[in-house]
Structures are given as C-alpha cells and as structure tokens.
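S.K.: My file is protein.cif. It has mmCIF, C-alpha atoms and all ligand atoms:
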data_coords
loop_
_atom_site.label_atom_id
_atom_site.label_comp_id
_atom_site.auth_asym_id
_atom_site.auth_seq_id
_atom_site.Cartn_x
_atom_site.Cartn_y
_atom_site.Cartn_z
CA MET A 1 136.40 163.61 52.74
CA GLY A 2 134.44 160.37 52.46
CA GLY A 3 133.75 158.71 55.79
CA LYS A 4 134.09 155.33 54.16
CA ASP A 5 137.57 156.09 52.80
CA SER A 6 138.90 157.39 56.09
CA ARG A 7 137.46 154.34 57.83
CA THR A 8 139.16 152.06 55.35
CA VAL A 9 142.50 153.80 55.83
CA ARG A 10 142.09 153.61 59.60
CA ASP A 11 141.17 149.91 59.42
CA LEU A 12 144.15 149.19 57.20
CA ARG A 13 146.49 151.01 59.55
CA ARG A 14 145.13 149.11 62.54
CA SER A 15 145.39 145.78 60.76
CA ASN A 16 149.02 146.53 59.74
CA ARG A 17 149.85 147.47 63.32
CA ALA A 18 148.10 144.32 64.63
CA SER A 19 150.02 142.11 62.22
CA VAL A 20 153.43 143.55 63.16
CA LEU A 21 152.59 143.46 66.84
CA ARG A 22 151.34 139.85 66.81
CA HIS A 23 154.41 138.55 65.00
CA LEU A 24 156.74 140.40 67.34
CA TYR A 25 154.75 139.25 70.37
CA PHE A 26 154.71 135.55 69.50
CA GLU A 27 157.89 135.22 67.42
CA GLY A 28 160.02 138.21 68.42
CA PRO A 29 162.54 139.62 68.64
CA LEU A 30 162.66 140.16 64.87
CA SER A 31 164.33 142.74 62.66
CA ARG A 32 162.36 145.04 60.30
CA GLN A 33 163.70 142.94 57.42
CA GLU A 34 162.43 139.71 58.97
CA LEU A 35 158.98 141.25 59.54
CA GLY A 36 158.45 141.65 55.77
CA PRO A 37 158.03 138.01 54.77
CA VAL A 38 156.07 137.01 57.89
CA THR A 39 153.56 139.88 57.71
CA GLY A 40 153.42 140.20 53.93
CA LEU A 41 153.69 144.00 54.29
CA SER A 42 155.92 146.29 52.22
CA SER A 43 159.11 147.61 53.79
CA GLY A 44 157.58 151.10 53.73
CA SER A 45 154.52 149.99 55.69
CA ILE A 46 156.67 148.14 58.20
CA SER A 47 158.90 151.13 58.65
CA ASN A 48 155.86 153.40 59.31
CA VAL A 49 154.22 151.02 61.75
CA VAL A 50 157.46 150.31 63.63
CA THR A 51 158.29 154.01 63.91
CA GLU A 52 154.83 154.66 65.40
CA LEU A 53 154.92 151.75 67.82
CA LEU A 54 158.45 152.68 68.96
CA ALA A 55 157.35 156.26 69.57
CA GLU A 56 154.36 155.04 71.58
CA GLY A 57 156.62 152.85 73.71
CA VAL A 58 154.88 149.60 72.71
CA LEU A 59 158.04 148.32 70.98
CA GLU A 60 161.67 148.54 72.02
CA ALA A 61 165.02 147.65 70.53
CA ALA A 62 166.42 144.30 71.67
CA GLY A 63 170.02 144.35 70.43
CA SER A 64 171.11 143.82 66.87
CA VAL A 65 172.35 141.11 64.55
CA GLY A 66 175.04 141.41 61.90
CA SER A 67 174.00 140.99 58.29
CA ASP A 68 176.37 139.71 55.62
CA GLY A 69 178.72 142.62 55.19
CA GLY A 70 175.91 145.20 55.56
CA ARG A 71 174.79 147.33 58.45
CA PRO A 72 173.77 145.47 61.62
CA ARG A 73 170.00 145.00 61.87
CA THR A 74 168.18 146.16 64.96
CA LEU A 75 166.01 143.55 66.60
CA LEU A 76 162.62 144.67 67.87
CA ARG A 77 160.35 143.28 70.53
CA VAL A 78 157.20 144.22 72.40
CA ALA A 79 158.30 146.23 75.46
CA PRO A 80 157.25 144.01 78.38
CA ARG A 81 156.96 146.87 80.83
CA SER A 82 155.05 149.26 78.57
CA ALA A 83 151.73 148.11 80.06
CA CYS A 84 150.32 145.54 82.45
CA LEU A 85 147.34 143.20 82.74
CA ILE A 86 145.42 141.54 85.54
CA GLY A 87 144.15 137.95 85.52
CA VAL A 88 141.63 136.68 88.08
CA ASP A 89 140.84 133.00 88.71
CA VAL A 90 137.60 132.37 90.56
CA GLY A 91 138.56 128.80 91.39
CA GLU A 92 137.02 125.96 93.31
CA THR A 93 138.78 126.67 96.59
CA ARG A 94 140.20 130.19 96.24
CA VAL A 95 140.18 133.46 94.35
CA ARG A 96 143.56 134.35 92.87
CA VAL A 97 144.40 137.75 91.42
CA GLU A 98 147.66 138.22 89.51
CA LEU A 99 149.28 141.27 87.96
CA PHE A 100 151.37 140.58 84.85
CA ASP A 101 153.59 142.59 82.55
CA LEU A 102 152.88 142.41 78.80
CA ASN A 103 154.98 139.21 78.54
CA LEU A 104 152.61 137.71 81.12
CA ASP A 105 155.43 137.44 83.63
CA GLU A 106 154.06 137.77 87.15
CA VAL A 107 154.60 141.08 88.92
CA ALA A 108 152.37 140.51 91.97
CA ARG A 109 149.76 138.05 93.20
CA SER A 110 147.14 137.75 95.88
CA GLU A 111 145.27 134.66 96.97
CA GLN A 112 142.08 134.56 99.06
CA PRO A 113 140.71 131.20 100.23
CA LEU A 114 137.04 130.37 99.70
CA ASP A 115 136.08 128.76 103.00
CA ASP A 116 134.43 125.37 102.54
CA GLY A 117 134.30 126.05 98.80
CA ARG A 118 131.51 128.63 99.39
CA HIS A 119 130.74 130.43 96.16
CA ASP A 120 128.34 133.06 97.44
CA ALA A 121 128.55 135.57 94.58
CA ALA A 122 128.69 138.65 96.81
CA LEU A 123 131.52 137.08 98.81
CA VAL A 124 133.43 136.22 95.63
CA VAL A 125 133.09 139.84 94.44
CA GLN A 126 134.47 141.01 97.80
CA LEU A 127 137.43 138.66 97.51
CA VAL A 128 138.17 139.82 93.94
CA GLU A 129 138.00 143.40 95.21
CA LYS A 130 140.43 142.59 98.02
CA GLY A 131 142.83 140.86 95.62
CA LEU A 132 142.68 143.76 93.14
CA ALA A 133 143.43 146.27 95.89
CA SER A 134 146.47 144.24 96.89
CA VAL A 135 148.03 143.93 93.39
CA LEU A 136 146.99 147.38 92.12
CA ALA A 137 149.47 148.95 94.50
CA ARG A 138 152.11 147.68 92.04
CA VAL A 139 150.59 149.21 88.87
CA GLY A 140 152.41 152.18 87.34
CA PRO A 141 156.11 152.72 86.67
CA PRO A 142 157.93 150.48 85.96
CA THR A 143 155.03 148.21 84.90
CA GLY A 144 153.17 150.80 82.80
CA PRO A 145 149.44 151.41 82.85
CA LEU A 146 146.80 148.72 83.23
CA LEU A 147 145.18 147.55 79.96
CA GLY A 148 142.39 145.49 81.47
CA VAL A 149 141.22 142.84 83.89
CA GLY A 150 140.32 139.31 82.75
CA VAL A 151 138.31 136.97 84.98
CA GLY A 152 138.01 133.17 84.61
CA VAL A 153 134.95 131.61 86.28
CA PRO A 154 133.65 128.04 86.76
CA GLY A 155 130.50 128.32 84.63
CA ILE A 156 128.97 129.22 81.28
CA VAL A 157 129.30 132.94 80.52
CA GLU A 158 126.40 134.60 78.72
CA ARG A 159 126.77 138.14 77.32
CA ARG A 160 123.70 140.33 77.79
CA SER A 161 123.36 143.73 76.22
CA ASP A 162 121.95 145.28 79.42
CA VAL A 163 124.13 143.91 82.23
CA GLY A 164 127.12 142.40 80.41
CA ALA A 165 128.52 139.01 81.40
CA VAL A 166 126.16 136.73 83.34
CA VAL A 167 127.44 133.45 84.80
CA HIS A 168 125.52 130.17 84.83
CA GLY A 169 127.57 128.04 87.21
CA GLN A 170 125.33 125.13 87.99
CA THR A 171 127.91 123.15 89.98
CA ILE A 172 128.62 126.06 92.33
CA GLY A 173 125.00 127.17 92.68
CA TRP A 174 125.26 130.25 90.41
CA ASP A 175 122.04 130.77 88.51
CA ALA A 176 122.40 133.74 86.13
CA VAL A 177 124.75 135.71 88.40
CA PRO A 178 125.35 139.19 86.83
CA LEU A 179 129.04 139.10 87.73
CA GLU A 180 130.14 141.88 85.36
CA ALA A 181 127.58 144.33 86.78
CA MET A 182 128.48 143.31 90.35
CA LEU A 183 132.19 143.82 89.73
CA ARG A 184 131.61 147.16 87.99
CA GLU A 185 129.50 148.36 90.91
CA SER A 186 132.12 147.32 93.43
CA ALA A 187 134.79 149.79 94.41
CA GLY A 188 137.56 147.43 93.41
CA LEU A 189 137.70 148.02 89.67
CA PRO A 190 140.29 150.69 88.97
CA GLU A 191 140.14 153.55 86.53
CA GLY A 192 142.25 153.24 83.41
CA GLY A 193 145.86 154.35 83.62
CA ALA A 194 147.37 157.43 85.13
CA GLN A 195 145.12 159.67 83.04
CA GLY A 196 142.03 157.71 84.06
CA GLY A 197 139.59 160.39 83.03
CA GLY A 198 136.63 158.52 84.51
CA HIS A 199 137.08 155.46 82.28
CA ARG A 200 136.97 152.15 84.05
CA VAL A 201 139.52 149.66 82.74
CA PRO A 202 138.05 147.03 80.40
CA LEU A 203 136.68 143.98 82.18
CA HIS A 204 136.49 140.61 80.40
CA ILE A 205 134.82 137.54 81.88
CA ASP A 206 134.99 134.03 80.44
CA ASN A 207 134.81 130.39 81.44
CA GLY A 208 137.97 129.35 83.35
CA ALA A 209 138.56 126.25 81.20
CA LYS A 210 138.33 128.37 78.05
CA THR A 211 140.79 130.96 79.38
CA LEU A 212 143.24 128.25 80.41
CA GLY A 213 142.80 126.63 77.03
CA GLN A 214 143.68 129.93 75.37
CA ALA A 215 146.84 130.17 77.49
CA GLU A 216 147.90 126.62 76.53
CA MET A 217 147.22 127.38 72.86
CA TRP A 218 149.33 130.56 72.95
CA PHE A 219 152.16 129.59 75.26
CA GLY A 220 151.92 125.88 76.15
CA ALA A 221 151.29 122.44 74.72
CA GLY A 222 148.71 123.67 72.18
CA ARG A 223 151.12 125.98 70.34
CA GLY A 224 151.03 125.46 66.61
CA ALA A 225 147.86 123.32 66.65
CA ARG A 226 144.70 124.41 64.80
CA ASP A 227 142.37 121.73 66.14
CA ALA A 228 142.93 120.76 69.75
CA VAL A 229 141.12 120.10 72.99
CA ILE A 230 142.49 121.26 76.33
CA ALA A 231 140.97 118.88 78.90
CA LEU A 232 140.95 120.19 82.45
CA ILE A 233 140.62 118.05 85.52
CA GLY A 234 140.35 119.68 88.91
CA SER A 235 137.68 119.10 91.47
CA GLY A 236 135.39 119.52 88.45
CA VAL A 237 136.09 118.67 84.82
CA GLY A 238 135.91 120.96 81.78
CA ALA A 239 137.38 121.43 78.34
CA CYS A 240 138.30 124.08 75.82
CA VAL A 241 137.61 122.89 72.29
CA VAL A 242 139.66 124.74 69.67
CA THR A 243 138.64 124.38 66.04
CA GLY A 244 140.42 126.17 63.22
CA GLY A 245 142.56 128.01 65.78
CA GLU A 246 139.61 129.52 67.67
CA PRO A 247 137.89 128.36 70.88
CA TYR A 248 134.49 126.84 70.00
CA GLY A 249 131.63 128.40 71.97
CA GLY A 250 128.45 126.96 70.51
CA ALA A 251 125.13 128.80 70.15
CA SER A 252 125.16 130.25 73.67
CA ARG A 253 128.79 129.83 74.70
CA GLY A 254 128.06 126.64 76.61
CA ALA A 255 130.15 124.29 74.48
CA GLY A 256 132.99 122.36 76.08
CA GLU A 257 131.16 121.16 79.20
CA TRP A 258 132.89 117.83 78.74
CA GLY A 259 132.67 117.00 82.47
CA HIS A 260 128.88 116.75 82.16
CA THR A 261 128.79 114.40 79.22
CA VAL A 262 127.38 111.06 80.31
CA LEU A 263 129.76 108.19 80.93
CA CYS A 264 127.20 105.89 82.55
CA VAL A 265 123.41 106.14 82.25
CA GLY A 266 121.88 106.09 85.73
CA GLY A 267 125.39 106.21 87.22
CA ARG A 268 126.93 108.23 90.07
CA ARG A 269 125.25 111.47 91.10
CA CYS A 270 127.07 114.55 89.76
CA ARG A 271 127.34 118.03 91.34
CA CYS A 272 125.24 119.33 88.44
CA GLY A 273 122.31 117.19 89.61
CA ALA A 274 122.39 114.67 86.76
CA ARG A 275 123.63 111.10 86.97
CA GLY A 276 126.62 109.39 85.43
CA CYS A 277 128.56 112.50 84.28
CA LEU A 278 132.26 112.05 83.49
CA GLU A 279 133.01 114.52 86.32
CA ALA A 280 131.32 112.16 88.80
CA TYR A 281 134.04 109.58 87.96
CA VAL A 282 137.26 111.46 87.17
CA GLY A 283 136.89 114.82 88.98
CA ALA A 284 139.28 114.95 91.99
CA ARG A 285 136.40 114.89 94.44
CA ALA A 286 134.87 111.84 92.73
CA VAL A 287 138.18 109.94 92.56
CA ILE A 288 138.69 110.42 96.31
CA GLU A 289 135.10 109.41 96.98
CA ARG A 290 135.51 106.23 94.90
CA TRP A 291 138.71 105.42 96.82
CA ARG A 292 136.86 105.82 100.12
CA GLU A 293 134.01 103.59 98.92
CA ALA A 294 136.54 100.94 97.87
CA GLY A 295 137.86 100.85 101.44
CA GLY A 296 140.69 103.38 101.08
CA GLU A 297 141.42 105.98 103.76
CA PRO A 298 141.90 109.38 102.13
CA GLY A 299 142.53 110.96 105.57
CA ALA A 300 143.56 114.44 104.42
CA ASP A 301 140.88 117.13 104.33
CA ASP A 302 142.00 118.91 101.21
CA GLU A 303 141.57 117.22 97.86
CA GLU A 304 145.13 117.80 96.70
CA SER A 305 146.70 115.98 99.66
CA ALA A 306 144.11 113.21 99.43
CA LEU A 307 144.86 112.66 95.74
CA ALA A 308 148.60 112.70 96.41
CA GLY A 309 147.91 110.15 99.18
CA LEU A 310 146.14 107.90 96.66
CA LEU A 311 149.10 108.03 94.27
CA ALA A 312 151.52 107.26 97.11
CA ALA A 313 149.36 104.42 98.44
CA ALA A 314 149.32 102.75 95.01
CA GLN A 315 153.13 102.59 95.09
CA GLY A 316 153.17 100.55 98.31
CA GLU A 317 152.53 96.88 98.96
CA GLY A 318 149.69 94.79 100.32
CA ALA A 319 145.91 95.15 100.24
CA ARG A 320 145.89 98.95 100.69
CA ALA A 321 148.15 99.40 97.67
CA ARG A 322 146.02 97.03 95.58
CA VAL A 323 142.86 99.00 96.37
CA ALA A 324 144.57 102.29 95.46
CA ALA A 325 146.03 100.86 92.24
CA GLU A 326 142.61 99.53 91.28
CA VAL A 327 140.98 102.95 91.77
CA LEU A 328 143.70 104.58 89.66
CA ALA A 329 143.36 101.97 86.91
CA GLU A 330 139.60 102.58 86.79
CA THR A 331 140.19 106.33 86.71
CA ALA A 332 142.55 105.94 83.75
CA GLU A 333 139.97 103.85 81.91
CA TYR A 334 137.12 106.34 82.58
CA LEU A 335 139.34 109.21 81.52
CA GLY A 336 140.47 107.36 78.39
CA ALA A 337 136.83 106.68 77.47
CA GLY A 338 136.00 110.38 77.96
CA ILE A 339 138.98 111.37 75.79
CA ALA A 340 137.89 108.84 73.16
CA ASP A 341 134.57 110.75 72.96
CA LEU A 342 136.54 113.94 72.26
CA VAL A 343 138.54 112.13 69.56
CA ASN A 344 135.39 110.80 67.88
CA LEU A 345 133.47 114.08 68.13
CA PHE A 346 136.14 116.62 67.17
CA ASN A 347 138.97 114.72 65.47
CA PRO A 348 141.57 117.03 67.06
CA GLU A 349 145.28 116.76 66.26
CA ARG A 350 146.11 117.11 69.95
CA ILE A 351 144.39 116.58 73.31
CA VAL A 352 146.16 118.24 76.20
CA ILE A 353 145.44 117.19 79.79
CA GLY A 354 145.71 119.85 82.47
CA GLY A 355 144.07 121.22 85.60
CA TRP A 356 145.68 120.64 89.00
CA ALA A 357 144.33 117.09 89.38
CA GLY A 358 145.14 116.26 85.75
CA LEU A 359 148.71 117.42 86.28
CA LEU A 360 148.98 115.43 89.51
CA LEU A 361 147.55 112.18 88.11
CA GLY A 362 148.75 112.54 84.52
CA PRO A 363 152.40 111.49 84.69
CA GLN A 364 151.45 108.19 86.38
CA LEU A 365 148.24 107.52 84.45
CA LEU A 366 149.08 108.76 80.95
CA PRO A 367 150.16 105.40 79.41
CA ALA A 368 146.95 103.70 80.66
CA VAL A 369 144.84 106.68 79.57
CA ARG A 370 146.31 106.49 76.05
CA GLU A 371 145.66 102.76 75.94
CA ALA A 372 142.02 103.25 76.98
CA THR A 373 141.62 106.09 74.46
CA ASP A 374 142.80 103.79 71.68
CA ALA A 375 140.49 101.03 72.86
CA TYR A 376 137.36 103.25 72.93
CA ALA A 377 137.94 105.63 70.00
CA LEU A 378 137.71 104.90 66.29
CA ARG A 379 141.09 103.78 65.00
CA TYR A 380 141.53 106.30 62.18
CA PRO A 381 141.11 109.55 64.20
CA ALA A 382 142.71 108.02 67.33
CA ALA A 383 145.89 107.20 65.39
CA ARG A 384 146.10 110.88 64.41
CA THR A 385 145.50 112.40 67.85
CA ALA A 386 148.34 112.99 70.31
CA VAL A 387 147.38 112.87 74.00
CA GLU A 388 149.80 115.03 75.97
CA MET A 389 150.18 116.90 79.26
CA CYS A 390 149.66 120.66 79.69
CA ARG A 391 152.89 122.63 80.01
CA LEU A 392 151.80 125.69 81.94
CA GLY A 393 151.15 124.27 85.40
CA PRO A 394 148.08 124.39 87.60
CA ASP A 395 148.07 128.17 88.11
CA ALA A 396 147.58 129.08 84.47
CA VAL A 397 143.92 130.12 84.71
CA THR A 398 145.10 133.59 85.75
CA VAL A 399 147.46 133.68 82.74
CA GLY A 400 144.53 132.62 80.57
CA ALA A 401 142.29 135.29 82.07
CA ALA A 402 144.94 137.92 81.34
CA THR A 403 145.01 136.81 77.68
CA LEU A 404 141.47 138.26 77.35
CA PRO A 405 142.56 141.94 77.60
CA LEU A 406 145.88 141.04 75.91
CA ARG A 407 144.06 139.65 72.89
CA ARG A 408 142.08 142.87 72.56
CA PHE A 409 145.28 144.90 72.78
CA LEU A 410 147.03 142.84 70.08
CA ASP A 411 143.96 142.74 67.80
CA GLY A 412 143.63 146.52 68.17
CA GLY A 413 147.22 146.99 66.94
CA GLY A 414 148.52 148.07 70.34
CA SER A 415 146.04 150.86 70.83
CA PRO A 416 145.31 151.17 74.53
CA PRO A 417 141.71 151.34 75.80
CA PRO A 418 140.20 154.81 76.27
CA GLY A 419 141.78 156.69 79.13
CA VAL A 420 144.99 154.67 79.14
CA ALA A 421 148.06 156.48 77.83
CA LEU A 422 151.00 154.26 77.01
CA SER A 423 153.82 156.62 76.15
CA VAL A 424 154.97 159.28 78.56
ZN ZN B 1 127.26 116.70 85.77
#
How does the structure come out when it is put into structure tokens?
M.R.:
Amino acid sequence: MGGKDSRTVRDLRRSNRASVLRHLYFEGPLSRQELGPVTGLSSGSISNVVTELLAEGVLEAAGSVGSDGGRPRTLLRVAPRSACLIGVDVGETRVRVELFDLNLDEVARSEQPLDDGRHDAALVVQLVEKGLASVLARVGPPTGPLLGVGVGVPGIVERRSDVGAVVHGQTIGWDAVPLEAMLRESAGLPEGGAQGGGHRVPLHIDNGAKTLGQAEMWFGAGRGARDAVIALIGSGVGACVVTGGEPYGGASRGAGEWGHTVLCVGGRRCRCGARGCLEAYVGARAVIERWREAGGEPGADDEESALAGLLAAAQGEGARARVAAEVLAETAEYLGAGIADLVNLFNPERIVIGGWAGLLLGPQLLPAVREATDAYALRYPAARTAVEMCRLGPDAVTVGAATLPLRRFLDGGGSPPPGVALSV
C-alpha cells in the first residue's frame, strides 16, 4: 500500500467532510439533496460523509421538508450540543471566560475584574485559571466534550516553535510574554474530554481585535464580504483587516494596529509611547481626557459611564452641552480621517465599527463619521465602501476567541482533537 495514496484518500475524505460540515454549519439546516449543488460533491460522497457524521454525533436530523410528490427530505444540521468550546477575553478592565455550545450559544460565563487595569501577566493567568475552573464545571453532558480554548489578548501574538504563542502588548506593558507556556503550566487548562488520556485540550491565542473581527465576519456585519475592515474602539483602538476572506497578518502577525497609525505628527502622547496616534484621539480614554481638557466634567470613574455622560451632556443646553458637542464633533472627524486611511490603503467593500466605545458612540456619530470619511478619502474607493456598525455587541471577543478552536474543528472535517471522543 503506497503511503502517498492512503494519504491522498485520507485528505480527500477530510476535505469532503469539511465541506459538508461548513455548509451545514453556516447555511444549515439543509437536506442531503441540497448539499449536492453547494458542495459540488456526488450524492454518493454526500451520503457516505453524512452517514459517518451522523454516527459520530456531529450531525443530527432537524425535521423534514416535503418534496414535490416524493418522499419527504430529512433536514440535517450540526448538533449544537455534540461538543463545546471556551472563549477567553483578556480585556482592558477584566478577564472574561465563556463556555459555548457548537452554535456559540453561551452555556456559562465568568468575569474577573482587573483592578486598576493592571495587566501583570501572572495575575492575568491566575484570573483565566479561576474563570476556567468556574465554567468547566458545566462541561460534559449535555454540552458534550470540550474541543479547545481560544484566548483573545490586547497585543501582537508571535508564534515561537519552542514556547508557542508569545504576546507583545506594548500598551499594557507586555514585552514578549510567553502566555501559551504560562497557561499550559498553570493548573487551569483541562484535559481533553471524558477520555482525556493525558492530552491537554488545544489552546489557541490571538489578538483580540482579530478574533472579534473573525466573529463579525462569520456571524455579524461582515458576513458575505471578502474585503472588509472591522474597526474596534474601546479604551484602545485596533482593527482586523480581512482581504480575500482571510484576516491579514503581515510578516510577523502585527498588521492591523490601526490605533497606532499617526493622525498628527508631534501630537498627543499615546499609551504606546509615540505621539499623535489615532488611539490618542479616539480611544475612550483619550476622548474623555479631551473632554476634561476642554472644560468638561467627566465625573464618573469608569470609562463607560464617563463616555455615556459625554453623550448625554451633548444633548442638553448651554455652555456645557456646547463643549460636549464640540468634543464629539472632533471625535467624529478624527475617526472619519482614520477610516479614510483604511479606505485608501485597503479599498474594502465594508468597514464595520465595533468595540464597546464604538458601539456606544457610533449610533450618534455615524453620519458625521461618514461625512468625514468621504471628505478625507479618495472619491472612487470611498464611494464603494460602506461604513456600518458591528452587529454582535461589545462582548463578542469571547465569541471570536471561541472561533479559533471552532475553525480547526470545521477545517478538520469534524474530527475532534486527540483525546476527545465525540460519540458515546
Ligand atoms: Zn500609539
């Protein structure tokens, strides 16, 4: 038996399974007959793959539809409770851990605050561990075994052959933090499935903006687009640039640091140490700071309440309202100029604004942001770029993080990682 031949057959089988699974995941439920045209596979191949995936518990029947005079056709879908996934968001003010079923519906969540925004790496690992312990109690029937843990972090993620993912998070003081090794050494990472067999579940770490971008592309405002930018505004500012349907990483996965592109040479000091970054003008912290400098009174300690206070103040009357409205108008112009750079650089069909601060400010600022984008970008690409709001809400980094192990599962044709048994 030639090794090459058996490998080819195995590859073909996996790619057939992946194709069926992906179409059912994103477009299901579908009947066997409907799977033919969308996958391009023969009815025999579809029948084989479906029989296997049903036996393994990855697929399940989801009712049936009548067909013109013939036998009713069974609809198939990915069984949401056949396995589960964990998404972790190492955010600016807290660490959130969420357990999802295969549909990415939440099963359990745990949230640990990061006091004073402290991002001491050892402390963050402890908080992730604590969050995992809390949600792992819910893994197992009826959720199925755990396929993997995805982690979104505020920094550039480098993959090293010796220690795995290393995080360069300049704005939070992380200089080459070996987060993957630290998490693997901690007691918090569970073994795979009921038949663990000593295998640790797969751990995937990526930039938080990229994971959220992936979630928006799969389930939110990016669906159907091939070239898009998901622009995220929180305390900091980041972006996920998608070209040809895939997130763009650059030579060392550092692409998309839109918040640290320069808006004003010699301008305001940024958290990264440079001057005049976009983040130093439109990040939540910077907007509040600019309001204070203009004579506003943010009052509230936390950024979210302060930003909400700014929006409310702008709706009032008198000098205080004028100051607030002015700060918001400037913010819209800065943001529009930053978005115009994205239009000119990437010529995307869609730019989607998200992040908690983006979602808070967006509805009020969007018309002015669009106007500024048109004023600063070249007319031809600007006329072909839609600027829209994210659809998934501010908590979607955990959903995005969970898409990391989910993607591997779908690409692998529904084969679980070593040590994880799906069917009982
Ligand atoms: Zn910066």
S.K.: Find the residues with any atom within 12 Å of (156.5, 138.8, 59.7); use all atoms listed in the file and the coordinates as given in the file, and write the answer as a count of residues only.
M.R.: 30
S.K.: Have a look at CA of His119 in chain A and CA of His168 in chain A and let me know their distance in Å, one decimal.
M.R.: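 It comes out at 12.5 Å.
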S.K.: What separation in Å, quoted to one decimal, exists between CA of Ile351 in chain A and CA of Ala324 in chain A?
M.R.: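 If I compute the distance from CA of Ile351 in chain A to CA of Ala324 in chain A, I get 26.4 Å.
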S.K.: At a cut-off of 7 Å and counting all atoms listed in the file, what residues surround ligand ZN 1 (chain B)? Please answer as a list in words.
M.R.: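 What falls inside 7 Å of ligand ZN 1 (chain B) is Gly259, His260, Cys270, Arg271, Cys272, Gly273, Ala274, Arg275, Cys277, Glu279 and Ala280 of chain A.
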S.K.: Which distance in Å separates CA of Leu183 in chain A and CA of Leu404 in chain A, to one decimal?
M.R.: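 Calculated distance between CA of Leu183 in chain A and CA of Leu404 in chain A is 16.4 Å.
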S.K.: With distances taken over only C-alpha atoms, which residue among A:Val265, A:Ala83, A:Leu278, A:Val125 lies nearest Asp105 in chain A?
M.R.: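 Going through A:Val265, A:Ala83, A:Leu278, A:Val125 one by one, the smallest distance to Asp105 in chain A is for A:Ala83.
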S.K.: At a cut-off of 6 Å around the point (140.1, 137.4, 81.0) (file coordinates), what residues fall inside when counting only C-alpha atoms? I'd like the answer as a tab-separated table (two decimals) with C-alpha atoms, in the frame of the given file.
M.R.:
chain	number	residue	atom	x	y	z
A	150	GLY	CA	140.32	139.31	82.75
A	151	VAL	CA	138.31	136.97	84.98
A	152	GLY	CA	138.01	133.17	84.61
A	204	HIS	CA	136.49	140.61	80.40
A	205	ILE	CA	134.82	137.54	81.88
A	401	ALA	CA	142.29	135.29	82.07
A	402	ALA	CA	144.94	137.92	81.34
A	403	THR	CA	145.01	136.81	77.68
A	404	LEU	CA	141.47	138.26	77.35
S.K.: So, with all atoms listed in the file as the atoms that count, which of A:Thr261, A:Asn207, A:Glu349, A:Glu326 lies closest to Thr243 in chain A?
M.R.: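 Of the candidates, the smallest distance to Thr243 in chain A is held by A:Glu349.
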S.K.: Kindly provide, as JSON, the centre and edge lengths (Å, one decimal) of an axis-aligned box around all atoms of range 2-17 of chain A given in the file, with 5 Å on each side.
M.R.:
{"center_x": 141.8, "center_y": 153.1, "center_z": 57.9, "size_x": 26.1, "size_y": 24.6, "size_z": 20.9}
S.K.: Would you please work out which residue, of A:Phe100, A:Trp174, A:Trp218, A:Tyr248, is nearest to Arg407 in chain A when using only C-alpha atoms?
M.R.: A:Trp218
S.K.: Which residue is closest to Gly169 in chain A? Choose from A:Ala121, A:Leu136, A:Ala396, A:Ala181 and count only C-alpha atoms.
M.R.: A:Ala121
S.K.: Go through A:Ala340, A:Leu212, A:Ile230, A:Leu335 one by one, measure the shortest atom-to-atom distance of each to Ala377 in chain A using all atoms listed in the file, and give the residue with the smallest value.
M.R.: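 Looking only at the distances to Ala377 in chain A, the closest residue turns out to be A:Ala340.
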S.K.: Select, from A:Ile156, A:Leu310, A:Leu147, A:Leu102, the residue with the minimum atom-to-atom distance to Arg408 in chain A, counting all atoms listed in the file.
M.R.: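 Ranking A:Ile156, A:Leu310, A:Leu147, A:Leu102 by distance to Arg408 in chain A, first place goes to A:Leu147.
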S.K.: Neighbouring residues of Ala231 in chain A were defined as those with any atom within 10 Å, considering only C-alpha atoms; residues of the same chain fewer than 6 positions away were excluded. Please report them as an NGL selection string.
M.R.: :A and (209-210 or 212-213 or 237-241 or 256 or 258-259 or 338-339 or 342 or 351-355 or 358 or 389-390)
S.K.: Using only C-alpha atoms, which protein or nucleic acid residues come within 12 Å of Ala313 in chain A? Drop anything in the same chain fewer than 2 positions from it, and give the result as a list in words.
M.R.: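 Final neighbour list, sorted by chain and number: Trp291, Gly296, Glu297, Pro298, Gly299, Ser305, Ala306, Leu307, Ala308, Gly309, Leu310, Leu311, Gln315, Gly316, Glu317, Gly318, Ala319, Arg320, Ala321, Arg322, Val323, Ala324, Ala325, Glu326, Val327 and Leu328 of chain A.
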S.K.: Neighbouring residues of Pro80 in chain A were defined as those with any atom within 9 Å, considering all atoms listed in the file; residues of the same chain fewer than 3 positions away were excluded. Please report them as an NGL selection string.
M.R.: :A and (58-60 or 77 or 83-84 or 101-105 or 143)
